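*Asks:* Contents of data10.txt (compact mmCIF, C-alpha atoms and all ligand atoms) are below:
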# COMPACT_ATOMS: atom_id res chain seq x y z
CA MET A 17 82.86 -13.79 149.76
CA ASN A 18 80.31 -11.42 148.17
CA LEU A 19 80.42 -11.42 144.38
CA ILE A 20 78.68 -9.58 141.55
CA PHE A 21 78.51 -11.21 138.11
CA MET A 22 77.87 -8.58 135.44
CA GLY A 23 77.45 -9.12 131.70
CA PRO A 24 74.91 -8.91 128.89
CA PRO A 25 72.00 -11.35 128.51
CA GLY A 26 73.42 -14.73 127.47
CA ALA A 27 77.00 -13.98 128.61
CA GLY A 28 76.88 -16.95 130.97
CA LYS A 29 76.15 -15.31 134.33
CA GLY A 30 73.61 -17.94 135.37
CA THR A 31 75.59 -20.88 133.99
CA GLN A 32 78.71 -19.87 135.90
CA ALA A 33 76.94 -18.66 139.05
CA ARG A 34 75.36 -22.10 139.54
CA ARG A 35 78.77 -23.78 139.30
CA ILE A 36 80.52 -21.24 141.51
CA ALA A 37 77.70 -21.52 144.07
CA GLU A 38 78.19 -25.28 144.19
CA LYS A 39 81.98 -25.11 144.44
CA TYR A 40 82.18 -22.36 147.09
CA GLY A 41 78.98 -23.19 149.03
CA ILE A 42 77.44 -19.74 148.67
CA PRO A 43 74.02 -19.09 147.08
CA GLN A 44 73.34 -17.69 143.60
CA LEU A 45 70.96 -14.73 143.90
CA SER A 46 69.45 -14.28 140.44
CA THR A 47 66.83 -11.52 140.33
CA GLY A 48 65.66 -12.94 136.99
CA ASP A 49 65.03 -16.39 138.54
CA MET A 50 63.29 -14.82 141.56
CA LEU A 51 61.07 -12.68 139.35
CA ARG A 52 60.20 -15.64 137.11
CA ALA A 53 59.20 -17.61 140.23
CA ALA A 54 57.03 -14.66 141.35
CA VAL A 55 55.35 -14.44 137.92
CA LYS A 56 54.68 -18.17 137.96
CA ALA A 57 53.22 -18.03 141.47
CA GLY A 58 51.09 -14.97 140.57
CA THR A 59 52.30 -12.95 143.59
CA PRO A 60 51.77 -9.14 143.68
CA VAL A 61 55.45 -8.67 142.67
CA GLY A 62 54.99 -11.16 139.84
CA LEU A 63 51.90 -9.36 138.56
CA GLN A 64 53.80 -6.05 138.51
CA ALA A 65 56.90 -7.55 136.87
CA LYS A 66 55.27 -9.67 134.16
CA ALA A 67 54.78 -7.10 131.38
CA ALA A 68 58.29 -5.57 131.67
CA MET A 69 59.89 -9.04 131.61
CA GLU A 70 57.92 -10.19 128.59
CA SER A 71 58.98 -7.14 126.57
CA GLY A 72 62.62 -7.37 127.70
CA GLY A 73 62.45 -4.10 129.63
CA LEU A 74 63.51 -3.66 133.26
CA VAL A 75 61.35 -4.18 136.32
CA THR A 76 61.38 -1.12 138.63
CA ASP A 77 64.36 -0.52 140.92
CA ALA A 78 62.03 -0.51 143.95
CA ILE A 79 60.88 -4.08 143.28
CA VAL A 80 64.30 -5.65 142.72
CA VAL A 81 66.00 -3.69 145.51
CA GLY A 82 63.26 -4.92 147.86
CA ILE A 83 63.74 -8.53 146.76
CA ILE A 84 67.54 -8.44 147.17
CA GLY A 85 67.32 -6.56 150.48
CA ASP A 86 65.19 -9.37 151.92
CA ARG A 87 67.25 -12.13 150.35
CA ILE A 88 70.72 -11.11 151.55
CA GLY A 89 69.41 -11.07 155.12
CA GLU A 90 68.62 -14.79 154.98
CA ALA A 91 70.77 -17.30 156.87
CA ASP A 92 72.30 -18.98 153.81
CA CYS A 93 73.90 -15.65 152.79
CA ALA A 94 75.92 -15.39 156.01
CA ASN A 95 79.12 -16.65 154.32
CA GLY A 96 78.56 -14.72 151.10
CA PHE A 97 76.50 -14.70 147.92
CA ILE A 98 76.72 -14.29 144.16
CA LEU A 99 74.56 -11.54 142.66
CA ASP A 100 73.51 -12.59 139.15
CA GLY A 101 71.61 -9.97 137.16
CA PHE A 102 71.65 -7.35 139.92
CA PRO A 103 72.45 -4.44 140.04
CA ARG A 104 71.27 -3.53 136.56
CA THR A 105 70.95 0.25 136.89
CA VAL A 106 73.13 2.83 138.65
CA GLY A 107 70.19 3.43 141.02
CA GLN A 108 70.23 -0.28 141.99
CA ALA A 109 74.01 -0.15 142.51
CA GLU A 110 73.65 2.86 144.83
CA ALA A 111 70.84 1.17 146.76
CA LEU A 112 72.97 -1.97 147.10
CA ASP A 113 75.86 0.09 148.48
CA THR A 114 73.59 1.58 151.13
CA MET A 115 72.15 -1.82 152.06
CA LEU A 116 75.58 -3.39 152.41
CA THR A 117 77.02 -0.49 154.43
CA GLU A 118 74.06 -0.70 156.83
CA ARG A 119 74.84 -4.37 157.41
CA GLY A 120 78.61 -3.92 157.66
CA LEU A 121 79.15 -5.83 154.40
CA LYS A 122 81.02 -5.11 151.17
CA ILE A 123 81.41 -6.53 147.69
CA ASP A 124 84.68 -8.48 147.29
CA GLN A 125 84.70 -8.87 143.50
CA VAL A 126 82.77 -7.37 140.60
CA ILE A 127 83.34 -9.62 137.60
CA ASP A 128 82.27 -8.59 134.11
CA ILE A 129 81.65 -11.59 131.85
CA THR A 130 81.90 -10.17 128.35
CA ALA A 131 80.47 -11.50 125.08
CA ALA A 132 79.87 -10.18 121.57
CA ASP A 133 76.29 -9.14 120.77
CA GLU A 134 76.24 -11.33 117.63
CA ALA A 135 76.81 -14.49 119.69
CA LEU A 136 74.18 -13.67 122.27
CA VAL A 137 71.09 -14.07 120.13
CA SER A 138 71.90 -17.68 119.25
CA ARG A 139 72.99 -18.41 122.81
CA ILE A 140 69.66 -17.23 124.12
CA THR A 141 67.34 -18.66 121.49
CA GLY A 142 69.14 -22.02 121.94
CA ARG A 143 68.88 -21.98 125.72
CA ARG A 144 66.77 -24.59 127.52
CA THR A 145 66.28 -24.81 131.28
CA CYS A 146 65.13 -27.72 133.43
CA GLY A 147 61.66 -26.87 134.73
CA LYS A 148 62.29 -29.04 137.78
CA CYS A 149 65.85 -28.35 139.05
CA GLY A 150 66.80 -25.23 137.06
CA GLU A 151 69.88 -26.71 135.34
CA GLY A 152 70.74 -24.77 132.17
CA TYR A 153 71.33 -26.27 128.72
CA HIS A 154 71.99 -25.14 125.17
CA ILE A 155 70.82 -27.06 122.10
CA GLU A 156 74.34 -26.86 120.58
CA HIS A 157 76.84 -25.88 123.29
CA LYS A 158 75.48 -27.98 126.16
CA ALA A 159 72.97 -30.47 124.80
CA PRO A 160 71.38 -33.00 127.18
CA ALA A 161 72.01 -36.70 126.48
CA VAL A 162 68.31 -37.16 125.66
CA GLU A 163 66.59 -34.31 123.81
CA ASN A 164 64.54 -32.07 126.14
CA VAL A 165 65.26 -34.19 129.22
CA CYS A 166 67.44 -32.96 132.10
CA ASP A 167 70.62 -35.04 132.61
CA LYS A 168 70.59 -34.30 136.34
CA CYS A 169 67.00 -34.97 137.40
CA GLY A 170 65.05 -36.26 134.39
CA GLY A 171 62.82 -33.16 134.38
CA ALA A 172 61.46 -31.68 131.15
CA LEU A 173 63.40 -28.79 129.60
CA VAL A 174 61.56 -25.54 128.93
CA THR A 175 62.25 -22.38 126.93
CA ARG A 176 62.01 -19.07 128.79
CA ALA A 177 59.10 -16.85 127.71
CA ASP A 178 61.48 -13.92 127.06
CA ASP A 179 63.93 -15.91 124.92
CA THR A 180 62.58 -14.90 121.52
CA GLU A 181 64.87 -13.18 119.03
CA GLU A 182 62.88 -9.94 119.20
CA THR A 183 62.94 -9.78 122.99
CA VAL A 184 66.64 -10.63 123.12
CA ARG A 185 67.43 -7.66 120.87
CA ASN A 186 65.44 -5.42 123.17
CA ARG A 187 67.23 -6.84 126.23
CA LEU A 188 70.57 -6.08 124.58
CA THR A 189 69.53 -2.48 123.86
CA VAL A 190 68.39 -2.08 127.47
CA TYR A 191 71.67 -3.63 128.66
CA HIS A 192 73.80 -1.12 126.72
CA ALA A 193 71.68 1.87 127.77
CA GLN A 194 71.04 1.10 131.43
CA THR A 195 73.34 -1.66 132.70
CA ALA A 196 76.68 -0.90 131.00
CA PRO A 197 76.86 2.39 133.03
CA VAL A 198 76.89 0.26 136.20
CA LEU A 199 80.34 -0.97 135.12
CA ASN A 200 81.57 2.62 135.15
CA PHE A 201 80.06 3.06 138.60
CA TYR A 202 82.21 0.17 139.91
CA ARG A 203 85.26 1.18 137.85
CA GLY A 204 85.10 4.52 139.64
CA LYS A 205 85.17 2.76 143.01
CA GLY A 206 88.06 0.40 142.28
CA GLU A 207 88.81 -2.65 140.30
CA ILE A 208 86.55 -4.66 138.02
CA LYS A 209 87.76 -8.03 136.80
CA VAL A 210 86.94 -8.94 133.21
CA VAL A 211 86.50 -12.51 131.96
CA ASP A 212 86.02 -13.30 128.28
CA GLY A 213 82.69 -15.11 128.15
CA MET A 214 83.22 -16.16 124.52
CA GLN A 215 85.59 -18.90 125.65
CA ASP A 216 84.57 -22.49 126.36
CA MET A 217 82.35 -22.75 129.47
CA ASN A 218 85.00 -24.68 131.40
CA VAL A 219 87.69 -22.12 130.55
CA VAL A 220 85.38 -19.34 131.78
CA PHE A 221 84.78 -21.30 134.99
CA ASP A 222 88.52 -21.75 135.60
CA ALA A 223 89.13 -18.03 135.02
CA LEU A 224 86.44 -17.17 137.57
CA CYS A 225 87.87 -19.61 140.13
CA ALA A 226 91.32 -18.06 139.65
CA ILE A 227 89.88 -14.62 140.49
CA ILE A 228 87.80 -15.80 143.44
CA GLY A 229 90.69 -17.84 144.84
P1 LIG A 301 67.69 -12.37 133.70
O1 LIG A 301 67.09 -13.65 134.02
O2 LIG A 301 68.76 -11.83 134.54
O3 LIG A 301 68.17 -12.44 132.18
P2 LIG A 301 69.43 -11.73 131.42
O4 LIG A 301 70.22 -10.74 132.12
O5 LIG A 301 68.83 -11.30 130.14
O6 LIG A 301 70.46 -12.82 131.35
P3 LIG A 301 70.28 -14.26 130.92
O7 LIG A 301 69.75 -15.06 132.08
O8 LIG A 301 69.51 -14.31 129.65
O9 LIG A 301 71.78 -14.63 130.57
P4 LIG A 301 72.93 -15.33 131.40
O10 LIG A 301 74.11 -14.45 131.38
O11 LIG A 301 72.46 -15.83 132.72
O12 LIG A 301 73.21 -16.55 130.42
P5 LIG A 301 73.18 -18.14 130.66
O13 LIG A 301 74.23 -18.52 131.63
O14 LIG A 301 71.80 -18.62 130.89
O15 LIG A 301 66.55 -11.25 133.58
C1 LIG A 301 65.35 -11.50 132.88
C2 LIG A 301 64.42 -10.29 133.00
O16 LIG A 301 64.07 -10.08 134.37
C3 LIG A 301 65.01 -8.94 132.55
O17 LIG A 301 64.87 -8.75 131.14
C4 LIG A 301 64.18 -7.96 133.37
O18 LIG A 301 62.89 -7.77 132.80
C5 LIG A 301 64.01 -8.69 134.69
N1 LIG A 301 65.10 -8.40 135.65
C6 LIG A 301 65.99 -9.28 136.18
N2 LIG A 301 66.83 -8.67 137.03
C7 LIG A 301 66.47 -7.36 137.04
C8 LIG A 301 66.99 -6.20 137.71
N3 LIG A 301 68.07 -6.30 138.54
N4 LIG A 301 66.40 -5.00 137.47
C9 LIG A 301 65.32 -4.90 136.65
N5 LIG A 301 64.79 -5.95 135.98
C10 LIG A 301 65.36 -7.17 136.17
O19 LIG A 301 73.68 -18.63 129.20
C11 LIG A 301 72.86 -18.44 128.06
C12 LIG A 301 72.97 -19.65 127.13
O20 LIG A 301 74.30 -19.72 126.60
C13 LIG A 301 72.71 -20.99 127.83
O21 LIG A 301 72.01 -21.82 126.96
C14 LIG A 301 74.12 -21.53 128.11
O22 LIG A 301 74.13 -22.95 128.10
C15 LIG A 301 74.92 -20.96 126.95
N6 LIG A 301 76.30 -20.63 127.34
C16 LIG A 301 76.72 -20.06 128.51
N7 LIG A 301 78.06 -19.90 128.51
C17 LIG A 301 78.49 -20.35 127.31
C18 LIG A 301 79.79 -20.47 126.70
N8 LIG A 301 80.91 -20.06 127.34
N9 LIG A 301 79.86 -20.99 125.45
C19 LIG A 301 78.74 -21.40 124.79
N10 LIG A 301 77.50 -21.33 125.31
C20 LIG A 301 77.37 -20.82 126.55
MG MG A 302 70.61 -15.80 133.75
ZN ZN A 303 66.78 -30.99 136.18
As structure tokens, what does this structure read like?
Ligand code: AP5
Ligand code: MG
Ligand code: ZN
*Replies:*
Amino acid sequence: MNLIFMGPPGAGKGTQARRIAEKYGIPQLSTGDMLRAAVKAGTPVGLQAKAAMESGGLVTDAIVVGIIGDRIGEADCANGFILDGFPRTVGQAEALDTMLTERGLKIDQVIDITAADEALVSRITGRRTCGKCGEGYHIEHKAPAVENVCDKCGGALVTRADDTEETVRNRLTVYHAQTAPVLNFYRGKGEIKVVDGMQDMNVVFDALCAIIG
């Protein structure tokens, strides 16, 4: 089962992809998470990506297509994968098509998780992530039992460097200009499923499970 989760920053792609990955036993491939790890490790990719990520702009297609091309060839992707945050431009979507065709693979579902722009700023500025295990939290919608401590592993919660109000607004502008056209690309090829990401997290999860089957 090869899935693409689309949606604006803060729609809940990462939150849901982690849960779906656990339930279906297929990995979550988040280009954002991979790039953040590269920035942290100071790799050549990280050094190239850092400035674009900090401003809320996009990293080049060549970098992210390279990362995903390597990743989907790994053993844990043999039974499928969830793309979270990729493709984000029509160029990336075309490159993905080529990569999949070469490997005899296809995308089974493209799911657009929608949310209103007004809600996204508070979702993102309230987000906290476990620095140790990656579990996601929100100071209002999914607060940990003990402030700033991960319920799952006891790790300290951190705020992402690009989760400032100013950067979020820029990410939203970039989303509408460059990523929304990717939805048209997939609409032109067949069906896109839409899930209302403004609903309760568990309702969104159930809707996704109903689509995936
Ligand atoms: P990336 O990491 O992909 O960030 P993003 O797309 O901006 O998306 P987010 O991770 O912010 O949102 P999400 O939908 O995952 O929301 P979440 O589930 O956490 O990319 C970061 C940067 O990397 C980009 O700006 C770019 O520079 C670069 N990059 C990455 N991929 C790239 C690519 N393909 N090409 C070029 N550049 C790329 O939820 C958000 C918060 O809301 C959480 O606190 C959560 O608890 C809460 N929440 C979730 N669902 C609900 C709900 N239903 N109700 C209430 N609260 C909720
Ligand atoms: Mg995410
Ligand atoms: Zn943790």
*Asks:* For atom CA of A:Thr105 and atom CA of A:Val81, quote the distance in Å rounded to one decimal.
*Replies:*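 So the two atoms, atom CA of A:Thr105 and atom CA of A:Val81, lie 10.7 Å apart.
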*Asks:* For ligand LIG 301 (chain A), list the contacting residues at 7 Å or closer, counting only C-alpha atoms and all ligand atoms, as a PyMOL selection string.
*Replies:* chain A and resi 23-32+46-49+51+68-70+72-77+80+100-105+139-140+142-144+152-154+157-158+187+213-217+220
*Asks:* Give me, as JSON, numbers by chain, the set of residues whose atoms come within 6 Å of any atom of ligand ZN 303 (chain A), counting only C-alpha atoms and all ligand atoms.
*Replies:* {"A": [146, 148, 149, 150, 151, 166, 168, 169, 170, 171]}
*Asks:* For A:Val126, which residue out of A:Lys209, A:Arg34, A:Lys56, A:Lys66 is the nearest one, using all atoms listed in the file?
*Replies:*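 Ranked by minimum distance to A:Val126, first place goes to A:Lys209.
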*Asks:* Find the residue from A:Gly96, A:Met50, A:Gly58, A:Gln125 that sits nearest to ligand MG 302 (chain A); use all atoms listed in the file when measuring.
*Replies:* A:Met50
*Asks:* Check the smallest atom-to-atom distance from each of A:Leu45, A:Arg52, A:Cys93, A:Ile88 to A:Gly147 using all atoms listed in the file, then report the winner.
*Replies:*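 The shortest atom-to-atom distance to A:Gly147 comes from A:Arg52.
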*Asks:* Would you compute the distance between atom CA of A:Ser138 and atom CA of A:Ile20? Give it in Å to one decimal.
*Replies:*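 So the two atoms, atom CA of A:Ser138 and atom CA of A:Ile20, lie 24.7 Å apart.
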*Asks:* Calculate how many Å separate atom CA of A:Met17 from atom CA of A:Gly41, rounding to one decimal.
*Replies:*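 The value is 10.2 Å.
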*Asks:* Show me, as a list in words, the residues that have an atom within 9 Å of A:Ser71 when counting all atoms listed in the file, minus same-chain residues fewer than 4 positions from it.
*Replies:* Lys66, Ala67, Asp178, Glu182, Thr183, Asn186 and Arg187 of chain A
*Asks:* From the list A:Ile127, A:Ala196, A:Ala226, A:Ala37, which residue is nearest A:Phe97 when using only C-alpha atoms?
*Replies:*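 Comparing A:Ile127, A:Ala196, A:Ala226, A:Ala37 against A:Phe97, the winner is A:Ala37.
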